[in-house]
Amino acid sequence: MREEEYRTPGVGMTELQCMQVLDELQVKHVVKPEGGRIMLSIAGPGGGETLTVTELKGRLTHAIAELEDRKNEIEQNAFASMLVGQLPTGGDRSVEVKYLKRNDQLTPEEEEEKRRLLLEVSAEMSHHRTIIGAMNYLQVHLRELQPKLLRRELPLEMILRGTDGAKLRWTKGIKSAALYCLKESQKAPNAGKRPLELCREFLSRYTIDGDEDYTPEQLYGNMQQIVQLDRGE
């Protein structure tokens, strides 16, 4: 059985990919004290955590090594039921022994499970390498990234405010806008409001950057799509 090939990410990392990884990790702040290492402040339960880029890379490298061990076990069929045999010990005596199956001894179900497990482990390793690639990019290009890193830390109301009192520009994309409205709909003060009404309120305050003609109905449609995906529909 031949494992599906996975292209190792992180090589040729772009600025956009690096910023997307920071968003995925929920990195709130990126700071480099003078003479020190780059520090990441990451949101999460219990207030999140603060650690250096080097520490994060070390953690991921350790996780990849453990996944490599797991991959080797799967390739040796350690996940499958073992075969039982008898090992002669002299005379008429023998002891029962168990041994791993060869690939040609796997059942069709075990072959499918092996394929699934290898894909799962390889995908997780690939994801860890993507994050390491983004951290490498951050370490090399921190100076160029600093203006954008600072901007993403500011409250939305401070980003690109119109000088003539015009709407604020929403710079995080349509999906983020739909998620924002969904979150607002779950708040107690908005319990009596219809989702479409929340969409209208949102677009009365913000203009979606790059989609200035986006309508409340379209935004509501995106909210519905997200809910359906969450429910597995």
# chains A, B, ... in the order shown; residues from 1 in each chain; ligands from 1
>>> select_by_dssp(residues="range 18-217 of chain A", states="strand (DSSP E)", output="ChimeraX atom specification")
/A:27-31,39-42,49-52,83-90,93-99,168-170,206-208
>>> write_last_selection(atoms="N, CA and C atoms", output="mmCIF file, in the first residue's frame")
data_model
loop_
_atom_site.group_PDB
_atom_site.id
_atom_site.type_symbol
_atom_site.label_atom_id
_atom_site.label_comp_id
_atom_site.auth_asym_id
_atom_site.auth_seq_id
_atom_site.Cartn_x
_atom_site.Cartn_y
_atom_site.Cartn_z
ATOM 1 N N VAL A 27 -3.527 34.794 17.103
ATOM 2 C CA VAL A 27 -2.446 35.596 17.661
ATOM 3 C C VAL A 27 -2.941 37.031 17.817
ATOM 4 N N LYS A 28 -2.942 37.522 19.056
ATOM 5 C CA LYS A 28 -3.423 38.875 19.333
ATOM 6 C C LYS A 28 -2.328 39.917 19.157
ATOM 7 N N HIS A 29 -1.122 39.600 19.608
ATOM 8 C CA HIS A 29 -0.023 40.557 19.556
ATOM 9 C C HIS A 29 1.266 39.855 19.153
ATOM 10 N N VAL A 30 2.075 40.567 18.388
ATOM 11 C CA VAL A 30 3.410 40.103 18.037
ATOM 12 C C VAL A 30 4.377 41.193 18.482
ATOM 13 N N VAL A 31 5.274 40.857 19.404
ATOM 14 C CA VAL A 31 6.184 41.846 19.983
ATOM 15 C C VAL A 31 7.603 41.298 19.960
ATOM 16 N N MET A 39 7.850 37.547 20.480
ATOM 17 C CA MET A 39 6.874 36.988 21.401
ATOM 18 C C MET A 39 5.495 37.006 20.758
ATOM 19 N N LEU A 40 4.742 35.942 20.967
ATOM 20 C CA LEU A 40 3.373 35.836 20.473
ATOM 21 C C LEU A 40 2.412 35.779 21.656
ATOM 22 N N SER A 41 1.385 36.607 21.603
ATOM 23 C CA SER A 41 0.316 36.536 22.586
ATOM 24 C C SER A 41 -0.885 35.898 21.890
ATOM 25 N N ILE A 42 -1.279 34.703 22.341
ATOM 26 C CA ILE A 42 -2.299 33.910 21.659
ATOM 27 C C ILE A 42 -3.552 33.826 22.512
ATOM 28 N N GLU A 49 -2.119 32.309 26.119
ATOM 29 C CA GLU A 49 -0.734 32.165 26.547
ATOM 30 C C GLU A 49 0.171 33.079 25.748
ATOM 31 N N THR A 50 1.338 33.333 26.299
ATOM 32 C CA THR A 50 2.370 34.104 25.623
ATOM 33 C C THR A 50 3.621 33.245 25.542
ATOM 34 N N LEU A 51 4.179 33.129 24.355
ATOM 35 C CA LEU A 51 5.375 32.327 24.166
ATOM 36 C C LEU A 51 6.177 32.883 23.004
ATOM 37 N N THR A 52 7.426 32.466 22.905
ATOM 38 C CA THR A 52 8.266 32.936 21.812
ATOM 39 C C THR A 52 7.988 32.110 20.557
ATOM 40 N N LEU A 83 -2.122 -11.338 14.348
ATOM 41 C CA LEU A 83 -2.283 -12.762 14.080
ATOM 42 C C LEU A 83 -1.681 -13.562 15.224
ATOM 43 N N VAL A 84 -2.246 -14.726 15.463
ATOM 44 C CA VAL A 84 -1.793 -15.585 16.558
ATOM 45 C C VAL A 84 -1.172 -16.847 15.970
ATOM 46 N N GLY A 85 -0.022 -17.229 16.500
ATOM 47 C CA GLY A 85 0.642 -18.440 16.052
ATOM 48 C C GLY A 85 1.259 -19.193 17.219
ATOM 49 N N GLN A 86 1.854 -20.319 16.917
ATOM 50 C CA GLN A 86 2.491 -21.155 17.929
ATOM 51 C C GLN A 86 3.990 -21.224 17.636
ATOM 52 N N LEU A 87 4.787 -20.961 18.663
ATOM 53 C CA LEU A 87 6.241 -21.018 18.532
ATOM 54 C C LEU A 87 6.756 -22.243 19.295
ATOM 55 N N PRO A 88 7.335 -23.237 18.592
ATOM 56 C CA PRO A 88 7.848 -24.434 19.274
ATOM 57 C C PRO A 88 8.960 -24.069 20.243
ATOM 58 N N THR A 89 8.926 -24.697 21.418
ATOM 59 C CA THR A 89 9.960 -24.444 22.423
ATOM 60 C C THR A 89 10.729 -25.719 22.766
ATOM 61 N N GLY A 90 10.476 -26.767 22.015
ATOM 62 C CA GLY A 90 11.179 -28.029 22.255
ATOM 63 C C GLY A 90 10.208 -29.131 22.578
ATOM 64 N N ARG A 93 6.134 -29.080 23.104
ATOM 65 C CA ARG A 93 5.687 -27.840 23.730
ATOM 66 C C ARG A 93 5.831 -26.654 22.775
ATOM 67 N N SER A 94 4.958 -25.672 22.966
ATOM 68 C CA SER A 94 5.012 -24.427 22.179
ATOM 69 C C SER A 94 4.355 -23.317 22.989
ATOM 70 N N VAL A 95 4.635 -22.104 22.598
ATOM 71 C CA VAL A 95 4.004 -20.950 23.252
ATOM 72 C C VAL A 95 3.253 -20.134 22.204
ATOM 73 N N GLU A 96 2.203 -19.547 22.682
ATOM 74 C CA GLU A 96 1.404 -18.717 21.773
ATOM 75 C C GLU A 96 2.095 -17.370 21.581
ATOM 76 N N VAL A 97 2.198 -16.937 20.330
ATOM 77 C CA VAL A 97 2.806 -15.637 20.030
ATOM 78 C C VAL A 97 1.868 -14.854 19.109
ATOM 79 N N LYS A 98 1.965 -13.556 19.227
ATOM 80 C CA LYS A 98 1.196 -12.670 18.357
ATOM 81 C C LYS A 98 2.153 -11.862 17.506
ATOM 82 N N TYR A 99 1.778 -11.620 16.280
ATOM 83 C CA TYR A 99 2.654 -10.867 15.404
ATOM 84 C C TYR A 99 1.821 -9.990 14.459
ATOM 85 N N LEU A 168 -17.346 53.121 8.378
ATOM 86 C CA LEU A 168 -16.064 52.470 8.565
ATOM 87 C C LEU A 168 -15.914 51.369 7.527
ATOM 88 N N ARG A 169 -14.677 51.043 7.188
ATOM 89 C CA ARG A 169 -14.424 49.988 6.213
ATOM 90 C C ARG A 169 -14.095 48.688 6.944
ATOM 91 N N TRP A 170 -14.861 47.652 6.630
ATOM 92 C CA TRP A 170 -14.615 46.331 7.200
ATOM 93 C C TRP A 170 -13.586 45.643 6.299
ATOM 94 N N TYR A 206 -20.775 49.747 8.508
ATOM 95 C CA TYR A 206 -19.546 49.325 7.833
ATOM 96 C C TYR A 206 -19.768 49.117 6.337
ATOM 97 N N THR A 207 -18.721 49.364 5.586
ATOM 98 C CA THR A 207 -18.663 49.016 4.173
ATOM 99 C C THR A 207 -17.625 47.923 4.032
ATOM 100 N N ILE A 208 -18.007 46.811 3.417
ATOM 101 C CA ILE A 208 -17.068 45.700 3.270
ATOM 102 C C ILE A 208 -16.066 46.052 2.185
#
>>> atom_distance(atom1="CA of Gln146 in chain A", atom2="CA of Ser176 in chain A")
22.5 Å
>>> closest_residue(among="A:Ala134, A:Leu118, A:Ala191, A:Gln224", to="Asp69 in chain A", atoms="only C-alpha atoms")
A:Leu118
>>> residues_around(residues="Ser204 in chain A", least_positions_apart="4", cutoff="12 Å", atoms="only C-alpha atoms", output="VMD selection string")
chain A and resid 166 to 170 197 to 200 208 212 to 216
>>> closest_residue(among="A:Ala178, A:Leu100, A:Leu106, A:Leu138", to="Ala78 in chain A", atoms="only C-alpha atoms")
A:Leu100
>>> residues_around(residues="Arg37 in chain A", least_positions_apart="4", cutoff="8 Å", atoms="only C-alpha atoms", output="NGL selection string")
:A and (32-33 or 52-54)
>>> write_last_selection(atoms="N, CA and C atoms", output="compact mmCIF listing (two decimals), in the first residue's frame")
# COMPACT_ATOMS: atom_id res chain seq x y z
N LYS A 32 8.56 42.17 19.65
CA LYS A 32 9.97 41.79 19.73
C LYS A 32 10.71 42.81 20.58
N PRO A 33 10.91 42.49 21.87
CA PRO A 33 11.66 43.41 22.72
C PRO A 33 13.06 43.62 22.17
N THR A 52 7.43 32.47 22.91
CA THR A 52 8.27 32.94 21.81
C THR A 52 7.99 32.11 20.56
N VAL A 53 8.34 32.68 19.42
CA VAL A 53 8.23 31.95 18.16
C VAL A 53 9.08 30.67 18.23
N THR A 54 10.25 30.79 18.83
CA THR A 54 11.14 29.63 18.96
C THR A 54 10.49 28.52 19.78
>>> closest_residue(among="A:Met223, A:Leu149, A:Leu117, A:Val21", to="Glu184 in chain A", atoms="only C-alpha atoms")
A:Met223
>>> select_by_dssp(residues="range 17-159 of chain A", states="helix (DSSP H, G or I)", output="VMD selection string")
chain A and resid 17 to 24 45 to 47 53 to 75 103 to 105 108 to 153 156 to 158
>>> write_last_selection(atoms="C-alpha atoms", output="PDB file, in the first residue's frame")
ATOM      1  CA  GLN A  17      -0.281  32.855   4.048  1.00  0.00           C
ATOM      2  CA  CYS A  18       1.711  33.998   7.069  1.00  0.00           C
ATOM      3  CA  MET A  19      -1.035  36.427   8.114  1.00  0.00           C
ATOM      4  CA  GLN A  20      -3.689  33.739   7.614  1.00  0.00           C
ATOM      5  CA  VAL A  21      -1.772  31.399   9.939  1.00  0.00           C
ATOM      6  CA  LEU A  22      -1.593  34.146  12.577  1.00  0.00           C
ATOM      7  CA  ASP A  23      -5.373  34.561  12.302  1.00  0.00           C
ATOM      8  CA  GLU A  24      -5.906  30.802  12.562  1.00  0.00           C
ATOM      9  CA  PRO A  45      -9.243  29.543  27.299  1.00  0.00           C
ATOM     10  CA  GLY A  46      -8.028  30.970  30.587  1.00  0.00           C
ATOM     11  CA  GLY A  47      -6.607  34.064  28.976  1.00  0.00           C
ATOM     12  CA  VAL A  53       8.231  31.945  18.162  1.00  0.00           C
ATOM     13  CA  THR A  54      11.144  29.627  18.959  1.00  0.00           C
ATOM     14  CA  GLU A  55       9.113  27.900  21.685  1.00  0.00           C
ATOM     15  CA  LEU A  56       6.153  27.429  19.352  1.00  0.00           C
ATOM     16  CA  LYS A  57       8.381  25.974  16.635  1.00  0.00           C
ATOM     17  CA  GLY A  58       9.975  23.635  19.174  1.00  0.00           C
ATOM     18  CA  ARG A  59       6.554  22.471  20.330  1.00  0.00           C
ATOM     19  CA  LEU A  60       5.464  21.781  16.762  1.00  0.00           C
ATOM     20  CA  THR A  61       8.718  20.025  15.892  1.00  0.00           C
ATOM     21  CA  HIS A  62       8.181  17.697  18.875  1.00  0.00           C
ATOM     22  CA  ALA A  63       4.599  17.051  17.749  1.00  0.00           C
ATOM     23  CA  ILE A  64       5.822  16.204  14.221  1.00  0.00           C
ATOM     24  CA  ALA A  65       8.345  13.713  15.665  1.00  0.00           C
ATOM     25  CA  GLU A  66       5.556  11.999  17.633  1.00  0.00           C
ATOM     26  CA  LEU A  67       3.385  11.903  14.522  1.00  0.00           C
ATOM     27  CA  GLU A  68       6.294  10.393  12.577  1.00  0.00           C
ATOM     28  CA  ASP A  69       6.441   7.598  15.173  1.00  0.00           C
ATOM     29  CA  ARG A  70       2.701   7.125  14.846  1.00  0.00           C
ATOM     30  CA  LYS A  71       3.040   7.008  11.064  1.00  0.00           C
ATOM     31  CA  ASN A  72       5.684   4.278  11.309  1.00  0.00           C
ATOM     32  CA  GLU A  73       3.409   2.239  13.572  1.00  0.00           C
ATOM     33  CA  ILE A  74       0.564   2.533  11.075  1.00  0.00           C
ATOM     34  CA  GLU A  75       2.840   1.532   8.197  1.00  0.00           C
ATOM     35  CA  ASN A 103       0.113  -5.777   4.038  1.00  0.00           C
ATOM     36  CA  ASP A 104      -1.159  -8.771   2.063  1.00  0.00           C
ATOM     37  CA  GLN A 105      -2.767 -10.133   5.252  1.00  0.00           C
ATOM     38  CA  PRO A 108     -10.264  -4.857   3.047  1.00  0.00           C
ATOM     39  CA  GLU A 109     -11.591  -2.928   6.037  1.00  0.00           C
ATOM     40  CA  GLU A 110      -8.119  -2.749   7.581  1.00  0.00           C
ATOM     41  CA  GLU A 111      -6.642  -1.595   4.276  1.00  0.00           C
ATOM     42  CA  GLU A 112      -9.161   1.236   4.168  1.00  0.00           C
ATOM     43  CA  GLU A 113      -8.468   2.109   7.817  1.00  0.00           C
ATOM     44  CA  LYS A 114      -4.722   2.153   7.127  1.00  0.00           C
ATOM     45  CA  ARG A 115      -5.235   4.518   4.226  1.00  0.00           C
ATOM     46  CA  ARG A 116      -7.435   6.788   6.345  1.00  0.00           C
ATOM     47  CA  LEU A 117      -5.002   6.847   9.276  1.00  0.00           C
ATOM     48  CA  LEU A 118      -2.016   7.626   7.062  1.00  0.00           C
ATOM     49  CA  LEU A 119      -3.864  10.471   5.397  1.00  0.00           C
ATOM     50  CA  GLU A 120      -4.957  11.834   8.766  1.00  0.00           C
ATOM     51  CA  VAL A 121      -1.440  11.745  10.239  1.00  0.00           C
ATOM     52  CA  SER A 122       0.143  13.195   7.097  1.00  0.00           C
ATOM     53  CA  ALA A 123      -2.379  16.036   7.012  1.00  0.00           C
ATOM     54  CA  GLU A 124      -1.659  16.899  10.658  1.00  0.00           C
ATOM     55  CA  MET A 125       2.091  16.858  10.033  1.00  0.00           C
ATOM     56  CA  SER A 126       1.565  19.042   6.979  1.00  0.00           C
ATOM     57  CA  HIS A 127      -0.458  21.523   9.037  1.00  0.00           C
ATOM     58  CA  HIS A 128       2.262  21.736  11.697  1.00  0.00           C
ATOM     59  CA  ARG A 129       4.869  22.366   8.992  1.00  0.00           C
ATOM     60  CA  THR A 130       2.714  25.139   7.560  1.00  0.00           C
ATOM     61  CA  ILE A 131       2.728  26.887  10.939  1.00  0.00           C
ATOM     62  CA  ILE A 132       6.497  26.423  11.239  1.00  0.00           C
ATOM     63  CA  GLY A 133       6.862  27.903   7.756  1.00  0.00           C
ATOM     64  CA  ALA A 134       4.801  30.920   8.808  1.00  0.00           C
ATOM     65  CA  MET A 135       6.939  31.382  11.920  1.00  0.00           C
ATOM     66  CA  ASN A 136      10.086  31.228   9.778  1.00  0.00           C
ATOM     67  CA  TYR A 137       8.592  33.874   7.500  1.00  0.00           C
ATOM     68  CA  LEU A 138       7.713  36.016  10.503  1.00  0.00           C
ATOM     69  CA  GLN A 139      11.256  35.819  11.845  1.00  0.00           C
ATOM     70  CA  VAL A 140      12.775  36.817   8.500  1.00  0.00           C
ATOM     71  CA  HIS A 141      10.274  39.507   7.496  1.00  0.00           C
ATOM     72  CA  LEU A 142       9.181  40.960  10.839  1.00  0.00           C
ATOM     73  CA  ARG A 143      10.268  44.493   9.947  1.00  0.00           C
ATOM     74  CA  GLU A 144       8.180  44.572   6.746  1.00  0.00           C
ATOM     75  CA  LEU A 145       5.199  42.979   8.502  1.00  0.00           C
ATOM     76  CA  GLN A 146       5.151  45.323  11.494  1.00  0.00           C
ATOM     77  CA  PRO A 147       2.725  47.910   9.983  1.00  0.00           C
ATOM     78  CA  LYS A 148       0.181  45.184   9.174  1.00  0.00           C
ATOM     79  CA  LEU A 149       0.716  43.461  12.504  1.00  0.00           C
ATOM     80  CA  LEU A 150       0.026  46.719  14.291  1.00  0.00           C
ATOM     81  CA  ARG A 151      -3.076  47.363  12.209  1.00  0.00           C
ATOM     82  CA  ARG A 152      -4.609  43.961  12.979  1.00  0.00           C
ATOM     83  CA  GLU A 153      -4.183  44.631  16.707  1.00  0.00           C
ATOM     84  CA  LEU A 156     -11.969  47.903  14.187  1.00  0.00           C
ATOM     85  CA  GLU A 157     -13.269  51.411  14.887  1.00  0.00           C
ATOM     86  CA  MET A 158      -9.697  52.738  14.616  1.00  0.00           C
TER      87      MET A 158
END
>>> atom_distance(atom1="CA of Phe202 in chain A", atom2="CA of Ala188 in chain A")
17.0 Å
>>> closest_residue(among="A:Ala80, A:Ala177, A:Val227, A:Leu182", to="Leu203 in chain A", atoms="only C-alpha atoms")
A:Ala177
